[in-house]
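start_33.csv follows (CSV, C-alpha atoms):
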```
chain,number,residue,atom,x,y,z
A,135,MET,CA,6.1,-19.5,-71.9
A,136,ASN,CA,5.4,-16.6,-74.3
A,137,ILE,CA,8.6,-15.4,-76.1
A,138,VAL,CA,9.2,-12.3,-78.2
A,139,ILE,CA,12.1,-12.1,-80.6
A,140,LEU,CA,13.5,-8.7,-81.5
A,141,ASP,CA,16.3,-8.2,-84.1
A,142,ASP,CA,16.6,-5.9,-87.1
A,143,GLU,CA,18.0,-8.7,-89.2
A,144,ALA,CA,15.2,-10.9,-90.5
A,145,ILE,CA,17.5,-13.9,-90.9
A,146,ILE,CA,18.3,-13.9,-87.1
A,147,CYS,CA,14.6,-13.8,-86.2
A,148,GLU,CA,13.9,-16.7,-88.6
A,149,GLY,CA,16.8,-18.7,-87.2
A,150,LEU,CA,15.7,-18.2,-83.6
A,151,SER,CA,12.1,-18.9,-84.5
A,152,ALA,CA,13.2,-22.2,-86.0
A,153,MET,CA,15.2,-23.1,-82.9
A,154,LEU,CA,12.2,-22.5,-80.6
A,155,ALA,CA,9.9,-24.6,-82.8
A,156,ALA,CA,12.4,-27.4,-82.9
A,157,HIS,CA,13.2,-27.5,-79.2
A,158,GLY,CA,10.4,-26.0,-77.3
A,159,GLY,CA,7.3,-27.5,-78.7
A,160,LYS,CA,4.2,-26.3,-77.1
A,161,LEU,CA,6.0,-25.1,-74.0
A,162,TRP,CA,7.8,-22.3,-75.8
A,163,ASN,CA,5.3,-20.1,-77.6
A,164,LEU,CA,6.6,-17.5,-80.1
A,165,PHE,CA,4.3,-14.7,-79.1
A,166,ALA,CA,5.6,-12.1,-81.6
A,167,THR,CA,8.6,-11.1,-83.8
A,168,TYR,CA,9.7,-7.6,-84.3
A,169,HIS,CA,12.5,-5.9,-86.3
A,170,ASP,CA,12.1,-2.4,-84.7
A,171,ALA,CA,12.5,-1.9,-80.9
A,172,GLU,CA,10.2,1.2,-80.8
A,173,GLU,CA,7.4,-0.6,-82.5
A,174,ALA,CA,7.8,-3.6,-80.1
A,175,LEU,CA,7.8,-1.3,-77.1
A,176,GLU,CA,4.6,0.6,-78.1
A,177,THR,CA,2.5,-2.2,-79.7
A,178,CYS,CA,3.4,-5.4,-77.8
A,179,ASP,CA,1.2,-6.6,-74.9
A,180,TRP,CA,4.1,-6.9,-72.4
A,181,ASP,CA,1.9,-8.1,-69.6
A,182,LYS,CA,1.6,-11.4,-71.6
A,183,VAL,CA,5.3,-11.7,-72.4
A,184,ASP,CA,7.5,-13.9,-70.2
A,185,LEU,CA,10.7,-13.7,-72.2
A,186,LEU,CA,12.3,-11.2,-74.7
A,187,ILE,CA,15.2,-12.2,-76.8
A,188,ALA,CA,16.6,-9.0,-78.2
A,189,ASP,CA,19.6,-7.7,-80.2
A,190,ILE,CA,21.6,-5.1,-78.3
A,191,ASN,CA,22.4,-2.9,-81.3
A,192,MET,CA,19.6,-1.8,-83.7
A,193,PRO,CA,18.8,1.5,-85.5
A,194,GLY,CA,16.8,3.9,-83.3
A,195,LEU,CA,15.9,2.4,-80.0
A,196,THR,CA,18.5,-0.2,-78.9
A,197,GLY,CA,17.9,-3.5,-77.1
A,198,LEU,CA,19.4,-2.0,-73.9
A,199,GLU,CA,17.2,1.1,-74.1
A,200,LEU,CA,14.2,-1.1,-74.6
A,201,LEU,CA,15.2,-3.2,-71.6
A,202,SER,CA,15.7,-0.1,-69.5
A,203,THR,CA,12.3,1.3,-70.5
A,204,LEU,CA,10.5,-1.9,-69.7
A,205,ARG,CA,12.0,-1.8,-66.2
A,206,ASP,CA,11.0,1.8,-65.8
A,207,ARG,CA,7.4,0.9,-66.7
A,208,GLY,CA,7.3,-1.9,-64.2
A,209,TYR,CA,7.4,-4.9,-66.4
A,210,GLU,CA,9.1,-8.0,-65.1
A,211,THR,CA,9.6,-9.6,-68.5
A,212,GLN,CA,12.8,-11.6,-68.5
A,213,VAL,CA,15.3,-10.5,-71.2
A,214,ILE,CA,18.1,-12.3,-73.0
A,215,ILE,CA,20.4,-10.0,-74.8
A,216,ILE,CA,22.2,-11.2,-78.0
A,217,SER,CA,25.0,-9.2,-79.5
A,218,GLY,CA,27.9,-9.2,-81.9
A,219,TYR,CA,30.0,-7.4,-79.3
A,220,THR,CA,32.2,-9.3,-76.8
A,221,GLN,CA,33.1,-6.2,-74.7
A,222,PHE,CA,32.5,-6.6,-71.0
A,223,GLU,CA,31.0,-3.1,-70.8
A,224,TYR,CA,28.0,-4.2,-72.9
A,225,ALA,CA,27.4,-7.3,-70.8
A,226,GLN,CA,27.7,-5.3,-67.6
A,227,ARG,CA,25.1,-2.7,-68.8
A,228,ALA,CA,22.7,-5.5,-69.7
A,229,LEU,CA,23.1,-7.2,-66.3
A,230,HIS,CA,22.7,-3.8,-64.6
A,231,HIS,CA,19.1,-3.7,-66.1
A,232,ASP,CA,18.4,-7.2,-64.8
A,233,ALA,CA,19.0,-9.0,-68.1
A,234,LEU,CA,18.8,-12.8,-67.6
A,235,ASP,CA,21.8,-13.6,-69.9
A,236,TYR,CA,24.1,-12.1,-72.5
A,237,ILE,CA,24.9,-14.2,-75.6
A,238,VAL,CA,27.4,-13.3,-78.3
A,239,LYS,CA,26.7,-13.9,-82.0
A,240,PRO,CA,26.9,-16.2,-83.8
A,241,ILE,CA,24.3,-17.8,-81.6
A,242,CYS,CA,25.1,-21.2,-80.3
A,243,PRO,CA,21.8,-23.3,-80.0
A,244,GLU,CA,23.0,-24.9,-76.7
A,245,LYS,CA,23.6,-21.5,-75.1
A,246,ILE,CA,20.2,-20.1,-76.1
A,247,PHE,CA,18.4,-23.2,-75.0
A,248,MET,CA,20.2,-23.1,-71.6
A,249,ALA,CA,19.3,-19.4,-71.2
A,250,ILE,CA,15.6,-20.1,-72.0
A,251,GLU,CA,15.5,-23.0,-69.6
A,252,LYS,CA,16.9,-20.8,-66.9
A,253,ALA,CA,14.1,-18.3,-67.7
A,254,GLU,CA,11.5,-21.1,-67.4
A,255,LYS,CA,12.8,-22.0,-63.9
A,256,LYS,CA,12.9,-18.4,-62.8
A,257,LEU,CA,9.3,-17.9,-64.1
A,258,ALA,CA,8.1,-21.0,-62.3
A,259,ALA,CA,9.7,-19.9,-59.1
A,260,ARG,CA,8.2,-16.4,-59.4
A,261,ASN,CA,4.7,-17.8,-60.1
A,262,ALA,CA,4.9,-20.2,-57.1
A,263,GLU,CA,6.0,-17.3,-54.8
A,264,LYS,CA,3.1,-15.1,-56.0
A,265,ASN,CA,0.6,-17.9,-55.3
A,266,SER,CA,2.0,-18.7,-51.9
A,267,ARG,CA,0.5,-17.6,-48.6
A,268,ILE,CA,3.9,-16.2,-47.6
A,269,PHE,CA,3.9,-13.8,-50.5
A,270,ILE,CA,0.4,-12.6,-49.6
A,271,GLN,CA,1.3,-12.2,-46.0
A,272,ASN,CA,4.5,-10.2,-46.8
A,273,ASN,CA,2.7,-8.0,-49.3
A,274,PHE,CA,-0.8,-7.9,-47.7
A,275,ASP,CA,-1.4,-4.2,-47.5
A,276,ARG,CA,-0.1,-3.4,-51.0
A,277,LEU,CA,-2.1,-6.3,-52.6
A,278,THR,CA,-5.3,-5.4,-50.8
A,279,ARG,CA,-4.8,-1.8,-51.8
A,280,GLU,CA,-4.5,-2.8,-55.5
A,281,TYR,CA,-7.5,-5.1,-55.0
A,282,PHE,CA,-9.7,-2.4,-53.7
A,283,SER,CA,-8.5,0.0,-56.4
A,284,GLU,CA,-9.8,-2.6,-58.9
A,285,LEU,CA,-13.1,-2.7,-57.1
A,286,ILE,CA,-13.6,1.0,-56.6
A,287,PHE,CA,-12.7,2.1,-60.2
A,288,ASP,CA,-14.0,-1.0,-61.9
A,289,PHE,CA,-11.0,-1.7,-64.1
A,290,ASP,CA,-12.4,-5.2,-64.8
A,291,ILE,CA,-8.9,-6.6,-64.9
A,292,LEU,CA,-9.9,-9.5,-62.6
A,293,SER,CA,-12.6,-12.0,-63.4
A,294,VAL,CA,-15.5,-12.7,-60.9
A,295,ASP,CA,-13.8,-15.9,-59.8
A,296,GLN,CA,-10.5,-14.1,-59.2
A,297,LYS,CA,-12.2,-11.4,-57.2
A,298,THR,CA,-13.9,-14.1,-55.1
A,299,SER,CA,-10.7,-16.1,-54.6
A,300,LEU,CA,-8.8,-13.0,-53.5
A,301,ALA,CA,-11.5,-11.9,-51.2
A,302,GLU,CA,-11.2,-15.2,-49.4
A,303,SER,CA,-7.3,-15.0,-49.4
A,304,PHE,CA,-7.5,-11.5,-47.9
A,305,GLY,CA,-10.1,-12.5,-45.3
A,306,LEU,CA,-12.7,-10.0,-46.6
A,307,GLN,CA,-15.8,-12.3,-46.4
A,308,GLY,CA,-18.3,-11.0,-43.9
A,309,LYS,CA,-16.7,-7.7,-43.4
A,310,SER,CA,-18.3,-4.2,-43.6
A,311,PHE,CA,-17.1,-1.4,-45.8
A,312,ALA,CA,-17.6,2.3,-46.2
A,313,VAL,CA,-16.7,4.6,-49.1
A,314,MET,CA,-16.0,8.3,-48.4
A,315,LEU,CA,-15.6,10.9,-51.1
A,316,LEU,CA,-13.9,14.2,-50.2
A,317,TYR,CA,-13.3,17.5,-52.0
A,318,SER,CA,-10.7,20.0,-50.9
A,319,LEU,CA,-9.2,23.1,-52.6
A,320,THR,CA,-5.8,22.2,-51.0
A,321,GLN,CA,-3.2,20.9,-53.4
A,322,LYS,CA,-0.2,19.3,-51.8
A,323,ASP,CA,1.5,16.0,-51.8
A,324,ILE,CA,-0.3,13.6,-49.5
A,325,ASN,CA,1.4,10.8,-47.5
A,326,THR,CA,-1.2,8.2,-48.2
A,327,THR,CA,0.7,5.5,-46.3
A,328,TYR,CA,0.8,7.6,-43.2
A,329,ILE,CA,-3.0,8.3,-43.4
A,330,GLU,CA,-3.7,4.6,-43.9
A,331,ASN,CA,-1.6,3.6,-41.0
A,332,VAL,CA,-3.3,6.1,-38.7
A,333,PHE,CA,-6.7,4.9,-39.8
A,334,MET,CA,-5.8,1.3,-39.2
A,335,SER,CA,-6.7,0.5,-35.6
A,336,GLY,CA,-7.4,-3.0,-34.3
A,337,LYS,CA,-9.0,-5.0,-37.1
A,338,ASN,CA,-10.1,-1.9,-39.1
A,339,LYS,CA,-8.2,-0.9,-42.3
A,340,ALA,CA,-8.4,2.1,-44.6
A,341,PHE,CA,-7.2,2.8,-48.1
A,342,PHE,CA,-6.8,6.3,-49.3
A,343,TYR,CA,-6.7,7.3,-53.0
A,344,ARG,CA,-6.0,10.7,-54.5
A,345,LEU,CA,-7.9,11.3,-57.7
A,346,GLY,CA,-6.7,14.7,-58.7
A,347,SER,CA,-8.6,18.0,-59.0
A,348,GLY,CA,-8.9,18.1,-55.2
A,349,ILE,CA,-10.9,14.8,-55.0
A,350,TYR,CA,-10.0,12.0,-52.6
A,351,THR,CA,-11.7,8.8,-51.7
A,352,ILE,CA,-11.2,6.6,-48.6
A,353,LEU,CA,-12.3,3.0,-48.4
A,354,THR,CA,-12.6,1.5,-44.9
A,355,VAL,CA,-12.8,-2.2,-43.9
A,356,SER,CA,-14.1,-3.2,-40.5
A,357,GLU,CA,-15.7,-6.1,-38.6
A,358,ASN,CA,-19.0,-4.3,-38.5
A,359,ALA,CA,-20.6,-1.1,-39.8
A,360,SER,CA,-20.9,0.4,-36.3
A,361,SER,CA,-17.2,0.5,-35.8
A,362,ILE,CA,-16.8,2.9,-38.8
A,363,ASP,CA,-16.4,6.4,-37.3
A,364,GLU,CA,-17.2,9.0,-39.9
A,365,SER,CA,-16.2,12.0,-37.7
A,366,SER,CA,-12.7,10.6,-37.0
A,367,MET,CA,-12.2,9.8,-40.7
A,368,LEU,CA,-13.1,13.3,-41.6
A,369,ALA,CA,-11.0,14.9,-38.8
A,370,LEU,CA,-7.9,13.0,-39.9
A,371,ALA,CA,-8.5,13.8,-43.6
A,372,GLU,CA,-8.8,17.6,-42.8
A,373,ARG,CA,-5.6,17.4,-40.7
A,374,GLU,CA,-3.7,15.9,-43.6
A,375,ILE,CA,-5.2,17.6,-46.7
A,376,GLY,CA,-6.6,20.8,-45.3
A,377,PRO,CA,-10.2,22.0,-45.1
A,378,VAL,CA,-12.7,19.6,-46.6
A,379,LEU,CA,-15.4,21.6,-48.5
A,380,TRP,CA,-17.6,18.6,-49.3
A,381,HIS,CA,-17.8,15.0,-48.1
A,382,LYS,CA,-20.1,12.1,-48.0
A,383,ILE,CA,-19.9,8.6,-46.7
A,384,VAL,CA,-21.9,5.5,-47.7
A,385,ARG,CA,-21.7,2.2,-45.8
A,386,VAL,CA,-21.6,-1.0,-48.0
A,387,ASP,CA,-22.5,-4.5,-47.1
A,388,LYS,CA,-21.0,-6.3,-50.1
A,389,LEU,CA,-17.8,-6.1,-52.1
A,390,ALA,CA,-19.7,-6.1,-55.3
A,391,GLU,CA,-21.5,-2.8,-54.3
A,392,ILE,CA,-18.3,-0.8,-53.9
A,393,ASN,CA,-18.0,0.5,-57.5
A,394,ALA,CA,-21.7,1.4,-57.7
A,395,THR,CA,-21.4,3.3,-54.4
A,396,TYR,CA,-18.3,5.2,-55.6
A,397,THR,CA,-20.1,6.1,-58.9
A,398,THR,CA,-23.2,7.3,-56.9
A,399,LEU,CA,-21.0,9.5,-54.7
A,400,LEU,CA,-19.4,11.1,-57.8
A,401,GLY,CA,-23.0,12.0,-58.9
A,402,TYR,CA,-23.7,13.5,-55.5
A,403,MET,CA,-20.6,15.6,-55.7
A,404,ARG,CA,-21.4,16.8,-59.2
A,405,ASP,CA,-24.9,17.9,-58.1
A,406,SER,CA,-24.0,19.1,-54.6
A,407,VAL,CA,-25.3,22.5,-53.5
A,408,GLU,CA,-22.1,23.2,-51.5
A,409,LEU,CA,-19.9,23.1,-54.6
A,410,ARG,CA,-22.1,25.5,-56.7
A,411,THR,CA,-20.3,28.6,-55.2
A,412,ILE,CA,-16.8,27.1,-55.4
A,413,LYS,CA,-14.5,27.3,-58.4
A,414,PRO,CA,-13.2,23.8,-58.7
A,415,LEU,CA,-9.5,23.1,-59.2
A,416,THR,CA,-8.4,22.6,-62.7
A,417,PRO,CA,-5.5,20.1,-63.0
A,418,LYS,CA,-2.6,20.7,-65.3
A,419,ILE,CA,-3.3,18.8,-68.5
A,420,ALA,CA,-0.5,18.6,-70.9
A,421,ASN,CA,-1.0,20.0,-74.4
A,422,THR,CA,-1.8,17.1,-76.7
A,423,ASP,CA,-2.4,18.9,-79.9
A,424,LEU,CA,-1.5,16.9,-83.0
A,425,PRO,CA,-0.3,17.9,-86.4
A,426,LEU,CA,-3.2,18.8,-88.7
A,427,MET,CA,-4.3,15.9,-91.0
A,428,LYS,CA,-4.0,18.2,-94.0
A,429,GLY,CA,-1.7,20.8,-95.4
A,430,ASP,CA,1.8,20.7,-97.0
A,431,TYR,CA,2.5,17.1,-96.3
A,432,ALA,CA,3.8,14.5,-98.7
A,433,PRO,CA,0.9,12.3,-100.2
A,434,VAL,CA,2.2,9.3,-98.3
A,435,ILE,CA,2.0,11.1,-95.0
A,436,LEU,CA,-1.6,12.2,-95.8
A,437,GLY,CA,-2.3,8.6,-96.5
A,438,VAL,CA,-0.9,7.7,-93.0
A,439,PHE,CA,-3.3,10.3,-91.4
A,440,ASP,CA,-6.3,8.8,-93.3
A,441,ILE,CA,-5.5,5.2,-92.2
A,442,ILE,CA,-5.0,6.2,-88.6
A,443,LYS,CA,-8.2,8.2,-88.6
A,444,ARG,CA,-10.1,5.2,-90.0
A,445,ASP,CA,-8.4,2.3,-88.2
A,446,TYR,CA,-7.1,3.8,-84.9
A,447,ALA,CA,-9.1,1.1,-83.0
A,448,LYS,CA,-7.4,-1.7,-84.9
A,449,PRO,CA,-3.8,-3.0,-84.5
A,450,LEU,CA,-1.5,-0.4,-86.2
A,451,SER,CA,2.3,-0.6,-86.6
A,452,LEU,CA,5.0,0.9,-88.8
A,453,ALA,CA,5.1,-2.4,-90.7
A,454,ARG,CA,1.4,-2.5,-91.4
A,455,LEU,CA,1.2,1.1,-92.5
A,456,SER,CA,4.2,0.8,-94.8
A,457,GLU,CA,2.7,-2.3,-96.4
A,458,GLN,CA,-0.6,-0.6,-97.0
A,459,LEU,CA,1.1,2.5,-98.5
A,460,PHE,CA,3.7,0.5,-100.6
A,461,VAL,CA,6.8,2.1,-99.1
A,462,HIS,CA,9.7,0.9,-97.1
A,463,PRO,CA,9.3,1.1,-93.3
A,464,THR,CA,12.5,3.0,-92.7
A,465,TYR,CA,11.6,5.6,-95.4
A,466,LEU,CA,8.1,6.0,-93.9
A,467,SER,CA,9.4,6.3,-90.3
A,468,ASN,CA,12.0,9.0,-91.2
A,469,LEU,CA,9.7,11.0,-93.5
A,470,PHE,CA,6.9,11.0,-90.9
A,471,LYS,CA,9.3,12.3,-88.2
A,472,LYS,CA,10.8,14.9,-90.5
A,473,GLN,CA,7.4,16.3,-91.6
A,474,THR,CA,5.4,16.1,-88.4
A,475,GLY,CA,8.1,16.5,-85.7
A,476,ILE,CA,7.0,13.3,-83.8
A,477,THR,CA,7.4,9.6,-84.4
A,478,LEU,CA,4.7,7.6,-86.1
A,479,ILE,CA,4.1,5.6,-82.9
A,480,ASP,CA,3.8,8.8,-80.8
A,481,TYR,CA,1.3,10.1,-83.3
A,482,ILE,CA,-0.8,6.9,-83.1
A,483,ASN,CA,-0.8,7.0,-79.3
A,484,HIS,CA,-1.7,10.7,-79.2
A,485,TYR,CA,-4.6,10.2,-81.6
A,486,ARG,CA,-5.9,7.3,-79.5
A,487,VAL,CA,-5.6,9.3,-76.3
A,488,GLU,CA,-7.7,12.1,-77.9
A,489,LYS,CA,-10.4,9.6,-78.7
A,490,ALA,CA,-10.1,8.1,-75.2
A,491,LYS,CA,-10.6,11.6,-73.7
A,492,GLU,CA,-13.9,11.9,-75.5
A,493,LEU,CA,-15.1,8.5,-74.2
A,494,LEU,CA,-13.9,9.2,-70.6
A,495,SER,CA,-16.2,12.2,-70.3
A,496,ASP,CA,-19.1,9.7,-70.1
A,497,PRO,CA,-19.0,8.0,-66.6
A,498,LEU,CA,-21.0,5.1,-67.9
A,499,ASN,CA,-18.1,4.0,-70.2
A,500,LYS,CA,-15.9,1.5,-68.4
A,501,ILE,CA,-12.2,2.1,-68.7
A,502,TYR,CA,-11.5,-1.4,-69.8
A,503,TRP,CA,-14.1,-0.9,-72.6
A,504,ILE,CA,-12.5,2.4,-73.6
A,505,THR,CA,-9.1,0.7,-73.8
A,506,GLU,CA,-10.4,-1.7,-76.4
A,507,GLN,CA,-12.3,0.9,-78.3
A,508,VAL,CA,-9.2,3.1,-78.9
A,509,GLY,CA,-6.9,0.2,-79.9
A,510,PHE,CA,-4.6,-0.3,-76.9
A,511,VAL,CA,-3.4,-3.8,-76.1
A,512,ASN,CA,-4.2,-3.7,-72.4
A,513,GLN,CA,-5.5,-1.4,-69.7
A,514,ARG,CA,-2.3,-1.1,-67.8
A,515,TYR,CA,-0.4,0.1,-70.9
A,516,PHE,CA,-3.3,2.4,-71.9
A,517,SER,CA,-3.1,4.1,-68.4
A,518,GLN,CA,0.7,4.5,-68.7
A,519,VAL,CA,0.5,6.1,-72.2
A,520,PHE,CA,-2.5,8.3,-71.2
A,521,LYS,CA,-0.6,9.7,-68.2
A,522,ARG,CA,2.6,10.2,-70.1
A,523,ILE,CA,0.7,12.3,-72.7
A,524,THR,CA,-1.8,14.2,-70.6
A,525,GLY,CA,-0.1,14.2,-67.1
A,526,LEU,CA,-3.2,12.5,-65.6
A,527,THR,CA,-4.4,8.9,-65.3
A,528,PRO,CA,-7.6,8.0,-67.0
A,529,VAL,CA,-9.4,8.0,-63.5
A,530,GLU,CA,-8.0,11.4,-62.7
A,531,TYR,CA,-9.1,12.8,-66.1
A,532,ARG,CA,-12.6,11.4,-65.6
A,533,THR,CA,-13.0,13.0,-62.2
A,534,HIS,CA,-11.8,16.3,-63.8
A,535,CYS,CA,-14.5,15.9,-66.4
A,536,ILE,CA,-17.1,15.6,-63.7
A,537,ILE,CA,-15.9,18.7,-61.8
A,538,HIS,CA,-15.7,20.6,-65.1
A,539,HIS,CA,-19.3,19.7,-65.7
A,540,THR,CA,-20.1,21.1,-62.3
A,541,ASP,CA,-18.1,24.3,-63.1
A,542,LYS,CA,-20.0,24.8,-66.4
A,543,ARG,CA,-23.3,24.3,-64.6
A,544,ASN,CA,-22.3,27.0,-62.0
A,545,GLU,CA,-21.5,29.5,-64.8
A,546,ASP,CA,-24.9,28.9,-66.3
```
Give the structure from this file in structure tokens form.
Amino acid sequence: MNIVILDDEAIICEGLSAMLAAHGGKLWNLFATYHDAEEALETCDWDKVDLLIADINMPGLTGLELLSTLRDRGYETQVIIISGYTQFEYAQRALHHDALDYIVKPICPEKIFMAIEKAEKKLAARNAEKNSRIFIQNNFDRLTREYFSELIFDFDILSVDQKTSLAESFGLQGKSFAVMLLYSLTQKDINTTYIENVFMSGKNKAFFYRLGSGIYTILTVSENASSIDESSMLALAEREIGPVLWHKIVRVDKLAEINATYTTLLGYMRDSVELRTIKPLTPKIANTDLPLMKGDYAPVILGVFDIIKRDYAKPLSLARLSEQLFVHPTYLSNLFKKQTGITLIDYINHYRVEKAKELLSDPLNKIYWITEQVGFVNQRYFSQVFKRITGLTPVEYRTHCIIHHTDKRNED
């Protein structure tokens, strides 16, 4: 079980680390230790963390605020809150955000061990449920939708063996597939669940994805290729999203061919004669301008700019930067925010997103590869940060780049 410890007091972190080493052995792995909640939130690979032990009251982002943000971002990481406060209100707020336990300082080893053992049991039960047939049956449509999202957009989160195993669990072996790409100038909220339910007749299923900029894709699954009715798919799509100005469908015999088919369809769309006379929709992309890396900044801040420009693809944190620049972390954090108007972590994320935008413009660059090239710890977190900053997911931004390319060609 991977455990993260977060406390602004180094002595507390050292004491908890010693407890884990003495009691847990190889079963309790100290994944990381942090003294700053914001740094932990933005730099830790939370997909790999099973348990967080966090102080409730720290400068800046508090333990409760971190817990709340983790839940908002969809992480199921179990959390034990430690605090010097005995008030019921604090414990109530922690439990409201699904904290596993609330332990008052000074920390009693027996209490922390009991809480960690409770986390172990809960984690084991959760993993057993996720691997059970009952879980797959109860969540079949959602899981298969996520599975096909992985195949279409080639996120490369799953290994080849995992893809094969899931295909067997979902009963996809021997099925026929079709990928349809649509373009419409209509911009409105689409009830994808309704469309998918209407498409699903008998043993056929369909999964509908909105990609932004008026682009939609539909993946259908059927017993045989002859049962895939292109005209009915198109009629339903037009009824729900409005006039379709361009569409194309390609039937696929193998799961492994789905991504290549989708990429081919994007190329067809980019080069289509029908779209040459149409002004493509331009999505609203948030302004991501960064402070200039020159000007009237303190020398230490200019040093920060230089390091980020050089090492943005490497692990970066407030602690690492302050160590390289020979200043105290708190001083560096406060000075950076005062002079630039944003936090250091926000600046690093913005800089990385700008680099990612350059790489996303090339459809041959895989998103998982881009994630690594710009220094994010995992693809899920990269997508969350990218959307928070730009207003679009990486997939939506990439489709925008393709349409923008078409638009430029039309102007020429």
Sel. within 10 Å of pt (18.2, -20.0, -78.4), counting only C-alpha atoms, output as a count of residues only: 23
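Put simply, CA of Arg205 (chain A) is 22.8 Å away from CA of Ser283 (chain A).
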Test item: residues at most 8 Å from Phe341 (chain A), only C-alpha atoms, excluding those fewer than 6 positions along its chain, as a count of residues only: 5
Can you write out as CSV which residues of region 379-418 of chain A fall within 10 Å of region 364-368 of chain A, alongside each residue's closest atom pair and its distance in Å to one decimal, counting all atoms listed in the file and ordering rows by chain and ascending residue number?
```
residue,atom,partner,partner_atom,distance
A:His381,CA,A:Leu368,CA,8.2
A:Lys382,CA,A:Glu364,CA,9.1
A:Ile383,CA,A:Glu364,CA,7.3
A:Val384,CA,A:Glu364,CA,9.8
```
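Residues surrounding Thr505 (chain A) within 9 Å are Ala490, Lys500, Phe510, Val511, Asn512, Gln513, Phe516 and Ser517 of chain A [only C-alpha atoms; sequence separation below 5 positions excluded].
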